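K.L.:
Please find run-v8.txt (compact mmCIF, C-alpha atoms) on the next line:
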# COMPACT_ATOMS: atom_id res chain seq x y z
CA MET A 1 -20.63 -19.51 8.13
CA SER A 2 -16.94 -18.72 8.59
CA THR A 3 -14.53 -19.47 5.77
CA ILE A 4 -11.10 -21.02 5.91
CA THR A 5 -8.50 -20.11 3.33
CA ALA A 6 -6.72 -22.66 1.16
CA GLU A 7 -3.47 -21.80 2.91
CA GLU A 8 -5.01 -22.58 6.30
CA LEU A 9 -6.42 -25.88 5.07
CA SER A 10 -3.09 -26.98 3.62
CA ALA A 11 -1.44 -26.38 6.98
CA THR A 12 -3.94 -28.48 8.94
CA THR A 13 -4.01 -32.19 9.61
CA LEU A 14 -6.87 -34.54 8.84
CA LEU A 15 -8.73 -36.57 11.47
CA ARG A 16 -11.19 -39.30 10.53
CA PHE A 17 -13.57 -40.12 13.37
CA ALA A 18 -16.77 -42.07 13.86
CA THR A 19 -19.64 -41.78 16.31
CA ALA A 20 -21.47 -44.72 17.86
CA GLY A 21 -23.91 -45.35 20.67
CA SER A 22 -27.26 -46.81 21.59
CA VAL A 23 -30.54 -45.63 20.11
CA ASP A 24 -31.61 -42.21 21.44
CA ASP A 25 -28.25 -41.51 23.09
CA GLY A 26 -28.02 -38.35 20.98
CA LYS A 27 -25.39 -39.10 18.34
CA SER A 28 -27.02 -37.09 15.59
CA THR A 29 -27.78 -34.23 17.97
CA LEU A 30 -24.13 -34.17 19.04
CA VAL A 31 -22.95 -34.08 15.44
CA GLY A 32 -25.50 -31.39 14.60
CA ARG A 33 -24.45 -29.33 17.62
CA LEU A 34 -20.78 -29.74 16.67
CA LEU A 35 -21.41 -28.56 13.11
CA HIS A 36 -23.67 -25.71 14.24
CA ASP A 37 -21.50 -24.33 17.02
CA SER A 38 -18.30 -24.61 14.99
CA LYS A 39 -20.06 -22.60 12.25
CA SER A 40 -19.76 -25.45 9.74
CA VAL A 41 -23.40 -25.33 8.60
CA LEU A 42 -24.51 -23.48 5.48
CA THR A 43 -27.28 -20.93 5.96
CA ASP A 44 -29.72 -22.73 3.68
CA GLN A 45 -29.12 -26.02 5.53
CA LEU A 46 -29.91 -24.38 8.86
CA GLU A 47 -33.00 -22.69 7.43
CA ALA A 48 -34.27 -26.06 6.14
CA VAL A 49 -33.79 -27.62 9.57
CA GLU A 50 -35.60 -24.71 11.22
CA ARG A 51 -38.56 -25.11 8.82
CA VAL A 52 -38.87 -28.85 9.46
CA SER A 53 -38.54 -28.33 13.22
CA ALA A 54 -41.20 -25.60 13.20
CA SER A 55 -43.57 -27.83 11.21
CA ARG A 56 -43.28 -30.38 14.01
CA GLY A 57 -44.12 -27.81 16.63
CA GLN A 58 -40.59 -27.61 18.04
CA GLU A 59 -39.51 -24.24 19.37
CA ALA A 60 -35.77 -24.74 18.75
CA PRO A 61 -34.21 -26.26 15.60
CA ASP A 62 -33.65 -30.03 15.86
CA LEU A 63 -29.94 -30.19 15.08
CA ALA A 64 -30.12 -33.98 14.61
CA LEU A 65 -31.76 -33.28 11.24
CA LEU A 66 -28.42 -31.98 9.96
CA THR A 67 -27.17 -35.57 9.80
CA ASP A 68 -30.27 -37.77 9.59
CA GLY A 69 -30.66 -37.31 5.86
CA LEU A 70 -32.82 -40.31 4.95
CA ARG A 71 -36.58 -39.85 5.05
CA ALA A 72 -36.95 -42.98 7.19
CA GLU A 73 -34.39 -41.59 9.63
CA ARG A 74 -36.25 -38.30 10.01
CA GLU A 75 -39.59 -40.04 10.39
CA GLN A 76 -38.36 -42.45 13.05
CA GLY A 77 -35.86 -40.12 14.69
CA ILE A 78 -33.07 -42.67 14.32
CA THR A 79 -29.91 -43.15 12.29
CA ILE A 80 -30.05 -46.04 9.81
CA ASP A 81 -27.17 -45.53 7.40
CA VAL A 82 -23.66 -44.16 7.89
CA ALA A 83 -23.80 -40.39 7.35
CA TYR A 84 -20.49 -38.84 6.34
CA ARG A 85 -19.82 -35.18 7.01
CA TYR A 86 -16.82 -33.07 6.08
CA PHE A 87 -15.91 -29.92 7.99
CA ALA A 88 -12.89 -27.95 9.10
CA THR A 89 -11.66 -25.56 11.75
CA PRO A 90 -8.53 -23.41 11.58
CA ARG A 91 -6.69 -26.16 13.50
CA ARG A 92 -7.78 -29.36 11.71
CA ARG A 93 -9.87 -30.91 8.92
CA PHE A 94 -12.38 -33.64 9.77
CA ILE A 95 -14.17 -36.53 8.08
CA LEU A 96 -16.95 -37.68 10.37
CA ALA A 97 -18.93 -40.91 10.09
CA ASP A 98 -22.18 -40.87 12.07
CA THR A 99 -23.06 -44.57 12.47
CA PRO A 100 -26.34 -46.23 13.56
CA GLY A 101 -27.01 -47.46 17.07
CA HIS A 102 -29.30 -50.42 16.45
CA VAL A 103 -27.92 -53.94 16.90
CA GLN A 104 -28.96 -54.88 13.36
CA TYR A 105 -26.75 -52.11 11.97
CA THR A 106 -23.52 -53.37 13.56
CA ARG A 107 -22.09 -53.80 10.05
CA ASN A 108 -22.66 -50.09 9.40
CA MET A 109 -20.57 -49.18 12.43
CA VAL A 110 -17.80 -51.48 11.22
CA THR A 111 -17.89 -49.69 7.87
CA GLY A 112 -17.76 -46.25 9.46
CA ALA A 113 -15.04 -47.06 12.00
CA SER A 114 -12.81 -49.14 9.72
CA THR A 115 -10.85 -46.08 8.56
CA ALA A 116 -11.33 -43.99 11.69
CA GLU A 117 -8.51 -42.88 13.94
CA LEU A 118 -10.90 -41.96 16.72
CA THR A 119 -14.27 -43.37 17.75
CA VAL A 120 -16.77 -41.44 19.86
CA ILE A 121 -19.01 -43.71 21.93
CA LEU A 122 -22.03 -41.92 23.39
CA VAL A 123 -23.70 -42.94 26.63
CA ASP A 124 -26.95 -41.58 28.04
CA ALA A 125 -26.06 -40.34 31.54
CA ARG A 126 -29.39 -41.69 32.82
CA ASN A 127 -28.74 -45.24 31.57
CA GLY A 128 -24.97 -45.60 31.91
CA VAL A 129 -23.03 -48.38 30.19
CA VAL A 130 -25.45 -50.73 28.44
CA GLU A 131 -25.10 -53.77 26.19
CA GLN A 132 -24.74 -51.70 23.02
CA THR A 133 -22.04 -49.58 24.67
CA ARG A 134 -20.00 -52.71 25.31
CA ARG A 135 -20.64 -53.90 21.76
CA HIS A 136 -19.33 -50.67 20.27
CA ALA A 137 -16.28 -50.70 22.54
CA ALA A 138 -15.55 -54.26 21.39
CA ILE A 139 -15.81 -53.28 17.73
CA ALA A 140 -13.49 -50.31 18.29
CA ALA A 141 -11.00 -52.70 19.90
CA LEU A 142 -11.35 -55.25 17.08
CA LEU A 143 -10.73 -52.55 14.49
CA ARG A 144 -7.81 -51.27 16.58
CA VAL A 145 -9.03 -47.68 16.54
CA PRO A 146 -6.20 -45.77 18.31
CA HIS A 147 -8.35 -43.30 20.27
CA VAL A 148 -11.74 -43.75 21.93
CA VAL A 149 -13.79 -40.91 23.42
CA LEU A 150 -16.55 -41.71 25.91
CA ALA A 151 -19.07 -38.87 25.61
CA VAL A 152 -21.45 -39.01 28.56
CA ASN A 153 -24.43 -37.17 27.08
CA LYS A 154 -27.60 -35.67 28.55
CA MET A 155 -25.81 -34.46 31.69
CA ASP A 156 -28.52 -31.79 31.92
CA LEU A 157 -31.03 -34.56 32.72
CA VAL A 158 -29.01 -35.73 35.75
CA ALA A 159 -28.50 -32.21 37.16
CA TYR A 160 -24.89 -32.18 35.90
CA GLU A 161 -23.87 -34.47 38.78
CA GLU A 162 -20.14 -35.22 38.87
CA GLN A 163 -20.71 -38.58 40.61
CA VAL A 164 -22.91 -39.82 37.76
CA PHE A 165 -20.22 -39.01 35.20
CA ALA A 166 -17.42 -40.47 37.34
CA ARG A 167 -19.25 -43.76 37.85
CA ILE A 168 -19.96 -44.23 34.12
CA ALA A 169 -16.44 -43.23 33.08
CA GLU A 170 -14.88 -45.66 35.55
CA GLU A 171 -17.05 -48.58 34.43
CA PHE A 172 -16.47 -47.98 30.73
CA THR A 173 -12.72 -47.41 31.11
CA ALA A 174 -12.31 -50.69 32.99
CA TYR A 175 -14.20 -52.62 30.29
CA ALA A 176 -12.49 -50.99 27.31
CA SER A 177 -9.05 -51.39 28.89
CA GLU A 178 -9.64 -55.14 29.19
CA LEU A 179 -10.32 -55.21 25.45
CA GLY A 180 -7.00 -53.52 24.76
CA VAL A 181 -8.23 -50.06 23.75
CA PRO A 182 -5.00 -48.02 23.99
CA GLU A 183 -6.43 -44.59 24.88
CA ILE A 184 -9.75 -43.60 26.45
CA THR A 185 -10.88 -40.02 27.11
CA SER A 186 -14.13 -39.33 28.97
CA ILE A 187 -16.01 -36.04 28.48
CA PRO A 188 -19.33 -34.99 30.12
CA ILE A 189 -21.58 -33.17 27.65
CA SER A 190 -25.09 -32.07 26.84
CA ALA A 191 -25.49 -32.12 23.07
CA LEU A 192 -28.94 -30.54 23.27
CA ALA A 193 -27.82 -27.61 25.43
CA GLY A 194 -24.30 -27.36 23.98
CA ASP A 195 -22.41 -28.03 27.23
CA ASN A 196 -18.76 -28.97 26.60
CA VAL A 197 -19.32 -29.63 22.90
CA VAL A 198 -17.66 -26.56 21.43
CA GLU A 199 -17.84 -24.16 24.36
CA PRO A 200 -16.96 -25.02 28.00
CA SER A 201 -19.95 -25.65 30.25
CA ALA A 202 -20.85 -23.20 32.98
CA ASN A 203 -22.84 -25.98 34.63
CA MET A 204 -19.92 -28.37 35.19
CA ASP A 205 -17.16 -26.34 36.83
CA TRP A 206 -15.93 -29.58 38.39
CA TYR A 207 -14.74 -30.76 34.96
CA GLY A 208 -11.31 -29.45 34.04
CA GLY A 209 -10.69 -31.31 30.79
CA PRO A 210 -11.06 -30.18 27.17
CA THR A 211 -14.34 -29.67 25.36
CA PHE A 212 -15.32 -32.23 22.76
CA LEU A 213 -14.07 -30.09 19.86
CA GLU A 214 -10.87 -29.14 21.69
CA HIS A 215 -10.06 -32.82 22.10
CA LEU A 216 -10.78 -33.53 18.43
CA GLU A 217 -8.50 -30.67 17.42
CA SER A 218 -5.62 -31.67 19.69
CA VAL A 219 -5.59 -35.49 19.77
CA PRO A 220 -2.43 -36.86 18.11
CA VAL A 221 -3.24 -38.04 14.61
CA ALA A 222 -2.57 -41.76 14.76
CA HIS A 223 -2.33 -42.12 11.01
CA ASP A 224 1.35 -41.16 11.10
CA LEU A 225 2.07 -44.20 8.98
CA ALA A 226 5.28 -42.74 7.59
CA HIS A 227 7.21 -44.82 10.11
CA CYS A 228 5.31 -48.08 9.43
CA HIS A 229 6.14 -50.84 6.96
CA ALA A 230 6.35 -49.17 3.54
CA ARG A 231 3.74 -50.54 1.14
CA LEU A 232 2.64 -49.41 -2.35
CA PRO A 233 -0.14 -51.40 -4.06
CA VAL A 234 0.28 -50.85 -7.81
CA GLN A 235 -2.85 -49.28 -9.24
CA TYR A 236 -1.73 -48.53 -12.78
CA VAL A 237 1.30 -48.91 -15.06
CA ILE A 238 2.07 -45.68 -16.93
CA ARG A 239 3.68 -45.98 -20.36
CA PRO A 240 3.09 -42.81 -22.46
CA GLN A 241 5.31 -43.98 -25.37
CA THR A 242 5.42 -40.44 -26.72
CA ALA A 243 8.23 -38.60 -28.46
CA GLU A 244 8.86 -36.69 -25.23
CA HIS A 245 8.82 -39.84 -23.05
CA PRO A 246 9.70 -42.78 -25.32
CA ASP A 247 11.01 -45.05 -22.55
CA TYR A 248 8.99 -43.87 -19.56
CA ARG A 249 7.59 -46.69 -17.44
CA GLY A 250 6.14 -45.79 -14.06
CA TYR A 251 4.15 -47.66 -11.44
CA ALA A 252 1.40 -45.54 -9.95
CA GLY A 253 -0.59 -45.97 -6.76
CA GLN A 254 -1.36 -44.55 -3.34
CA ILE A 255 1.21 -45.33 -0.67
CA ALA A 256 -0.67 -47.43 1.89
CA ALA A 257 1.95 -47.02 4.62
CA GLY A 258 5.52 -45.97 5.20
CA THR A 259 8.00 -43.96 3.16
CA PHE A 260 9.75 -44.57 -0.16
CA ARG A 261 12.99 -42.87 -1.17
CA VAL A 262 15.03 -42.70 -4.35
CA GLY A 263 17.74 -45.34 -4.08
CA ASP A 264 15.68 -47.76 -1.97
CA SER A 265 15.93 -51.44 -2.78
CA VAL A 266 12.39 -52.74 -3.30
CA THR A 267 10.82 -56.13 -3.89
CA VAL A 268 7.82 -56.81 -6.10
CA LEU A 269 5.30 -59.18 -4.57
CA PRO A 270 4.13 -61.83 -5.11
CA SER A 271 6.85 -62.48 -7.75
CA GLY A 272 9.71 -61.69 -5.34
CA ARG A 273 11.81 -59.85 -7.93
CA THR A 274 14.09 -57.10 -6.58
CA THR A 275 15.07 -53.74 -8.05
CA LYS A 276 15.83 -50.14 -7.00
CA VAL A 277 13.82 -46.93 -7.00
CA THR A 278 15.43 -44.53 -9.48
CA GLY A 279 12.81 -41.82 -9.34
CA ILE A 280 9.56 -40.71 -7.73
CA ASP A 281 7.03 -38.48 -9.47
CA LEU A 282 4.51 -36.58 -7.32
CA LEU A 283 1.92 -34.36 -9.00
CA GLY A 284 4.03 -34.32 -12.15
CA LYS A 285 7.22 -33.27 -10.37
CA PRO A 286 10.20 -35.39 -9.28
CA VAL A 287 10.80 -35.76 -5.53
CA ASP A 288 13.36 -37.64 -3.49
CA THR A 289 10.93 -38.92 -0.81
CA ALA A 290 7.25 -39.86 -0.72
CA TYR A 291 5.10 -41.07 2.14
CA THR A 292 1.58 -42.18 2.96
CA PRO A 293 -1.07 -41.24 1.90
CA GLN A 294 0.46 -39.60 -1.18
CA SER A 295 -0.41 -40.88 -4.65
CA VAL A 296 2.85 -41.25 -6.58
CA THR A 297 4.54 -42.92 -9.51
CA LEU A 298 7.71 -44.94 -8.85
CA LEU A 299 10.38 -45.36 -11.51
CA LEU A 300 12.48 -48.51 -11.17
CA ALA A 301 15.95 -49.49 -12.35
CA ASP A 302 14.95 -52.74 -14.09
CA ASP A 303 12.26 -53.57 -16.64
CA ILE A 304 10.56 -56.37 -14.76
CA ASP A 305 7.03 -57.69 -15.05
CA ILE A 306 4.87 -55.56 -12.76
CA SER A 307 1.14 -55.07 -13.16
CA ARG A 308 -1.93 -53.83 -11.30
CA GLY A 309 -2.37 -55.79 -8.08
CA ASP A 310 1.34 -56.21 -7.35
CA LEU A 311 2.78 -54.79 -4.13
CA LEU A 312 6.03 -52.82 -3.90
CA VAL A 313 7.78 -53.14 -0.53
CA PRO A 314 11.27 -52.52 0.90
CA SER A 315 13.45 -55.56 0.29
CA LYS A 316 14.46 -55.62 3.96
CA ASP A 317 10.87 -55.40 5.19
CA ALA A 318 8.78 -57.64 2.95
CA PRO A 319 5.67 -59.35 4.35
CA PRO A 320 5.29 -63.11 3.90
CA THR A 321 3.20 -64.40 1.00
CA THR A 322 0.64 -67.07 1.73
CA GLN A 323 -2.41 -68.84 0.35
CA ASP A 324 -3.81 -69.57 3.81
CA ILE A 325 -5.29 -66.62 5.67
CA GLU A 326 -6.77 -66.64 9.16
CA ALA A 327 -8.72 -63.55 10.06
CA THR A 328 -11.37 -61.93 12.17
CA VAL A 329 -14.26 -60.85 9.97
CA CYS A 330 -17.52 -58.95 10.16
CA HIS A 331 -20.15 -60.34 7.82
CA VAL A 332 -22.03 -57.48 6.16
CA ALA A 333 -24.25 -59.19 3.56
CA ASP A 334 -27.77 -60.51 4.07
CA GLN A 335 -26.84 -63.89 2.61
CA PRO A 336 -24.87 -66.08 5.06
CA LEU A 337 -21.18 -66.90 4.72
CA THR A 338 -20.75 -70.68 4.95
CA VAL A 339 -17.93 -73.19 5.02
CA GLY A 340 -17.10 -74.06 1.41
CA HIS A 341 -18.30 -70.68 0.14
CA ARG A 342 -16.47 -69.73 -3.08
CA VAL A 343 -15.65 -66.02 -3.07
CA LEU A 344 -13.37 -63.37 -4.48
CA LEU A 345 -10.89 -61.86 -2.02
CA LYS A 346 -9.83 -58.26 -2.64
CA HIS A 347 -6.62 -57.22 -0.91
CA GLY A 348 -5.29 -53.80 -1.82
CA THR A 349 -5.49 -53.56 -5.60
CA ARG A 350 -5.41 -57.35 -6.13
CA THR A 351 -8.45 -59.63 -6.40
CA VAL A 352 -8.12 -63.42 -6.35
CA LYS A 353 -10.39 -66.45 -6.11
CA ALA A 354 -10.75 -68.00 -2.67
CA ILE A 355 -12.66 -70.58 -0.64
CA VAL A 356 -13.83 -70.39 2.97
CA LYS A 357 -12.22 -73.48 4.49
CA ASP A 358 -13.48 -73.16 8.05
CA ILE A 359 -15.34 -70.89 10.44
CA PRO A 360 -13.75 -71.85 13.78
CA SER A 361 -15.85 -69.53 15.94
CA ARG A 362 -18.37 -66.72 16.19
CA LEU A 363 -17.83 -63.94 18.72
CA THR A 364 -20.62 -62.99 21.10
CA LEU A 365 -19.98 -59.30 21.72
CA ASP A 366 -22.23 -59.17 24.77
CA ASP A 367 -19.77 -61.12 26.93
CA LEU A 368 -16.92 -61.75 24.45
CA SER A 369 -17.56 -65.51 24.56
CA LEU A 370 -16.79 -67.71 21.56
CA HIS A 371 -19.35 -69.98 19.94
CA PRO A 372 -17.28 -72.76 18.29
CA HIS A 373 -17.92 -73.97 14.74
CA PRO A 374 -21.15 -72.07 14.03
CA GLY A 375 -21.12 -73.36 10.45
CA GLN A 376 -22.02 -69.96 9.06
CA LEU A 377 -21.95 -66.24 9.74
CA VAL A 378 -25.05 -64.14 9.13
CA ALA A 379 -25.41 -60.38 8.74
CA ASN A 380 -23.69 -58.41 11.54
CA ASP A 381 -21.90 -61.52 12.90
CA ILE A 382 -18.23 -61.23 13.86
CA GLY A 383 -16.17 -64.39 13.80
CA ARG A 384 -12.96 -66.17 12.85
CA VAL A 385 -12.47 -67.67 9.39
CA LYS A 386 -9.85 -69.67 7.53
CA ILE A 387 -9.53 -68.85 3.85
CA ARG A 388 -7.56 -70.54 1.07
CA THR A 389 -6.70 -68.34 -1.91
CA ALA A 390 -5.95 -69.45 -5.46
CA GLU A 391 -2.81 -67.30 -5.53
CA ALA A 392 -0.33 -66.34 -2.84
CA LEU A 393 -0.93 -62.91 -1.31
CA PRO A 394 1.48 -60.64 0.61
CA VAL A 395 -0.52 -59.86 3.74
CA ASP A 396 0.45 -58.03 6.90
CA SER A 397 -1.12 -58.60 10.27
CA TYR A 398 -3.95 -56.11 10.87
CA ALA A 399 -2.23 -55.24 14.16
CA ASP A 400 0.77 -54.02 12.14
CA SER A 401 -1.04 -52.35 9.27
CA ARG A 402 -4.74 -51.59 9.05
CA ARG A 403 -4.44 -50.94 5.29
CA THR A 404 -2.49 -53.99 4.11
CA GLY A 405 -3.82 -56.25 6.87
CA SER A 406 -7.44 -55.90 5.75
CA PHE A 407 -9.47 -57.35 2.89
CA ILE A 408 -13.03 -57.87 1.70
CA LEU A 409 -14.79 -60.97 0.40
CA ILE A 410 -16.94 -60.51 -2.70
CA ASP A 411 -19.69 -62.61 -4.23
CA PRO A 412 -18.31 -63.63 -7.66
CA SER A 413 -21.79 -63.87 -9.17
CA ASP A 414 -22.91 -60.28 -8.67
CA GLY A 415 -20.05 -58.35 -7.04
CA THR A 416 -21.80 -57.92 -3.69
CA THR A 417 -19.50 -57.24 -0.73
CA LEU A 418 -19.97 -60.13 1.69
CA THR A 419 -17.46 -59.72 4.47
CA ALA A 420 -14.82 -57.34 5.82
CA GLY A 421 -11.73 -59.08 7.21
CA MET A 422 -8.79 -58.29 9.48
CA VAL A 423 -5.78 -60.60 9.17
CA GLY A 424 -4.34 -62.19 12.29
CA GLU A 425 -5.41 -62.40 15.89
CA SER A 426 -8.25 -60.42 17.39
CA PHE A 427 -8.36 -59.17 20.99
CA ALA A 428 -10.21 -62.38 21.91
CA SER A 429 -8.60 -65.07 19.81
CA PRO A 430 -10.26 -68.48 19.75
CA GLU A 431 -8.35 -71.60 20.62
CA PRO A 432 -6.75 -73.20 17.55
CA VAL A 433 -9.22 -75.59 15.97
CA LYS A 434 -7.97 -78.57 14.02
CA ASP A 435 -9.16 -78.48 10.42
CA GLU A 436 -10.42 -82.01 9.86
CA SER A 437 -10.84 -81.51 6.13
CA ASP A 438 -7.22 -80.47 5.68
CA ASP A 439 -6.79 -79.76 1.96
CA ASP A 440 -8.84 -82.67 0.67
CA GLY A 441 -11.50 -81.76 -1.83
CA TRP A 442 -10.28 -78.24 -2.51
CA ASP A 443 -9.33 -77.02 -5.94
CA PHE A 444 -6.25 -75.11 -4.80
Could you take the file, read its structure, and then write that structure out as structure tokens?
P.N.:
Amino acid sequence: MSTITAEELSATTLLRFATAGSVDDGKSTLVGRLLHDSKSVLTDQLEAVERVSASRGQEAPDLALLTDGLRAEREQGITIDVAYRYFATPRRRFILADTPGHVQYTRNMVTGASTAELTVILVDARNGVVEQTRRHAAIAALLRVPHVVLAVNKMDLVAYEEQVFARIAEEFTAYASELGVPEITSIPISALAGDNVVEPSANMDWYGGPTFLEHLESVPVAHDLAHCHARLPVQYVIRPQTAEHPDYRGYAGQIAAGTFRVGDSVTVLPSGRTTKVTGIDLLGKPVDTAYTPQSVTLLLADDIDISRGDLLVPSKDAPPTTQDIEATVCHVADQPLTVGHRVLLKHGTRTVKAIVKDIPSRLTLDDLSLHPHPGQLVANDIGRVKIRTAEALPVDSYADSRRTGSFILIDPSDGTTLTAGMVGESFASPEPVKDESDDDGWDF
């Protein structure tokens, strides 16, 4: 396995990407091939895969075993849970989420793709675009993943025919474009044989685009959030009260988006109090500028009441605060989410009590139709909800900020995560539904 020096790593960018596709499309084999051919597999890992493959009577190592880590996954030859893998090349560092293909694991794909800047959707060249392909494209659009790669796999089983690839790429691109996916790149591959994964294929001289790894290494990193709305959720208030720092008071957290500079006028939300940034500490050293995703401590001009859960924002670019949130959500828990459900809503570093006021619609991903007033959302459902919170929250639209426009709903009785939410309109917004109950009968 090749090694990369610390200096090389510090000079590279980070890309988070997720894989998705139907069952048996070859996601795990693609990931295994990518890790193997880019020399990102430890010797003992490869030897273990070779032993298991040999015990099954396979002549060549089954590279899918590099990612299918659960016993049930290896026994069934499928992916059940999200498998995260970390690897690097001299050009870029990667965090990869290999997500399941089954319909009942839609919530796992949402989890894996929620922080991704690129989603890889695999298609079996023999089957073309199927229902699950459209479902995964819809989820990528809902989550506003900036880049989508269509990997047409198993080209070796269709004699590497250019027409087969062209037909599938055209159909998928038309569908994904309707959903609003901003960028789609189609690549013909054979994960089993290694064609166009890391090395160019000698069997597809008609294809003049990049290999799969070349595209991953060169795609613009969409998480350039330094130019977005600046947001710093306060994680911790630092007050050493030592002889060396008797009056030090700093507000620590990870910058969710944007850039903060010494001298900036900032507002504390939800209180609305305004002050100025007098200093920024980064890794124990003062700096003049800090940007996402750095973890920093801000020093402010005034001693005002700020605690964990507050949000620091530029005074000229503050989001509205509200107790009424409308959002697109994916329900991830086994227990249903119902109208009247009392929950905890976690937004950034703040958690407040909330009530589900209405579920206006449930989205059918097969044809993007809306089922009005379903009454509840069950596991893997995606729908629209209206939520009333006990306290006002400063929320951005998910379209403007994936970090501060998202939230989760939590069961207050046992802390189980119920639902993942995205504030604002989805790509297929339902018609406004009048809330007959208004505010009657609610505690807040």
K.L.:
Quick one: residues within 9 Å of region 176-187 of chain A, only C-alpha atoms, excluding same-chain residues fewer than 6 positions away - as a ChimeraX atom specification?
P.N.:
/A:134,137-138,140-142,144-153,165,169,196,207,209-212,215,427-428
K.L.:
CA of Pro319 (chain A) and CA of Ser397 (chain A) are how many Å apart?
P.N.:
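That distance, rounded to one decimal, is 9.0 Å.
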K.L.:
Would you list the contacts of Lys276 (chain A) as a short mmCIF file (atom, residue, chain, number, x, y, z; two decimals) with C-alpha atoms, keeping the file's coordinate frame, taking every protein, DNA or RNA residue within 9 Å and counting all atoms listed in the file, but skipping same-chain residues closer than 5 positions in sequence?
P.N.:
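Listed below is the output, selection01.cif:
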data_model
loop_
_atom_site.label_atom_id
_atom_site.label_comp_id
_atom_site.auth_asym_id
_atom_site.auth_seq_id
_atom_site.Cartn_x
_atom_site.Cartn_y
_atom_site.Cartn_z
CA VAL A 262 15.03 -42.70 -4.35
CA GLY A 263 17.74 -45.34 -4.08
CA ASP A 264 15.68 -47.76 -1.97
CA SER A 265 15.93 -51.44 -2.78
CA VAL A 266 12.39 -52.74 -3.30
CA THR A 267 10.82 -56.13 -3.89
CA LEU A 299 10.38 -45.36 -11.51
CA LEU A 300 12.48 -48.51 -11.17
CA ALA A 301 15.95 -49.49 -12.35
CA ASP A 302 14.95 -52.74 -14.09
#
K.L.:
Considering only C-alpha atoms, return as a ChimeraX atom specification whatever protein or nucleic-acid residues lie within 6 Å of Ala230 (chain A), sequence-local ones (same chain, fewer than 3 positions apart) excluded.
P.N.:
/A:257-259,313
K.L.:
When you look at Asp25 (chain A) with a cut-off of 8 Å (counting only C-alpha atoms), what residues show up, excluding the ones that are within fewer than 4 positions of it in the same chain? I need them as a ChimeraX atom specification.
P.N.:
/A:21,122-124,153
K.L.:
With only C-alpha atoms as the basis for distance, which of A:Arg92, A:Arg33, A:His347, A:Lys39 is at the shortest distance from Thr13 (chain A)?
P.N.:
A:Arg92
K.L.:
For Glu161 (chain A), please output as a PDB file with C-alpha atoms, keeping the file's coordinate frame all residues within 10 Å (counting all atoms listed in the file; exclusion window: fewer than 5 positions along the same chain).
P.N.:
ATOM      1  CA  ALA A 125     -26.060 -40.340  31.540  1.00  0.00           C
ATOM      2  CA  MET A 155     -25.810 -34.460  31.690  1.00  0.00           C
ATOM      3  CA  ASP A 156     -28.520 -31.790  31.920  1.00  0.00           C
ATOM      4  CA  ALA A 166     -17.420 -40.470  37.340  1.00  0.00           C
ATOM      5  CA  PRO A 188     -19.330 -34.990  30.120  1.00  0.00           C
ATOM      6  CA  ASN A 203     -22.840 -25.980  34.630  1.00  0.00           C
ATOM      7  CA  MET A 204     -19.920 -28.370  35.190  1.00  0.00           C
ATOM      8  CA  TRP A 206     -15.930 -29.580  38.390  1.00  0.00           C
TER       9      TRP A 206
END
K.L.:
Of the candidates A:Arg231, A:His245, A:Arg135, A:Arg342, which one gets nearest to Thr292 (chain A) if we count all atoms listed in the file?
P.N.:
A:Arg231
K.L.:
Rank A:Ser271, A:Ala116, A:Gln163, A:Ala193 by their smallest atom-to-atom distance to Leu312 (chain A), using all atoms listed in the file, and report the top residue only.
P.N.:
A:Ser271
K.L.:
Hey, can you check how far CA of Ala390 (chain A) sits from CA of Thr404 (chain A)?
P.N.:
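Taking CA of Ala390 (chain A) and CA of Thr404 (chain A), their separation equals 18.5 Å.
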K.L.:
Mind giving me the straight-line distance from CA of Phe17 (chain A) to CA of Gly112 (chain A) in Å, one decimal?
P.N.:
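Result for CA of Phe17 (chain A) versus CA of Gly112 (chain A): 8.4 Å, one decimal.
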K.L.:
Of the candidates A:Gly383, A:Gly26, A:Gly279, A:Pro412, which one gets nearest to Ile355 (chain A) if we count all atoms listed in the file?
P.N.:
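Of A:Gly383, A:Gly26, A:Gly279, A:Pro412, the one nearest Ile355 (chain A) is A:Pro412, counting all atoms listed in the file.
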K.L.:
Given the choices A:Thr89, A:Gly415, A:Lys154, A:Lys386, which gets closest to Lys346 (chain A) if the distance is worked out from all atoms listed in the file?
P.N.:
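Once distances to Lys346 (chain A) are computed over all atoms listed in the file, the minimum belongs to A:Gly415.
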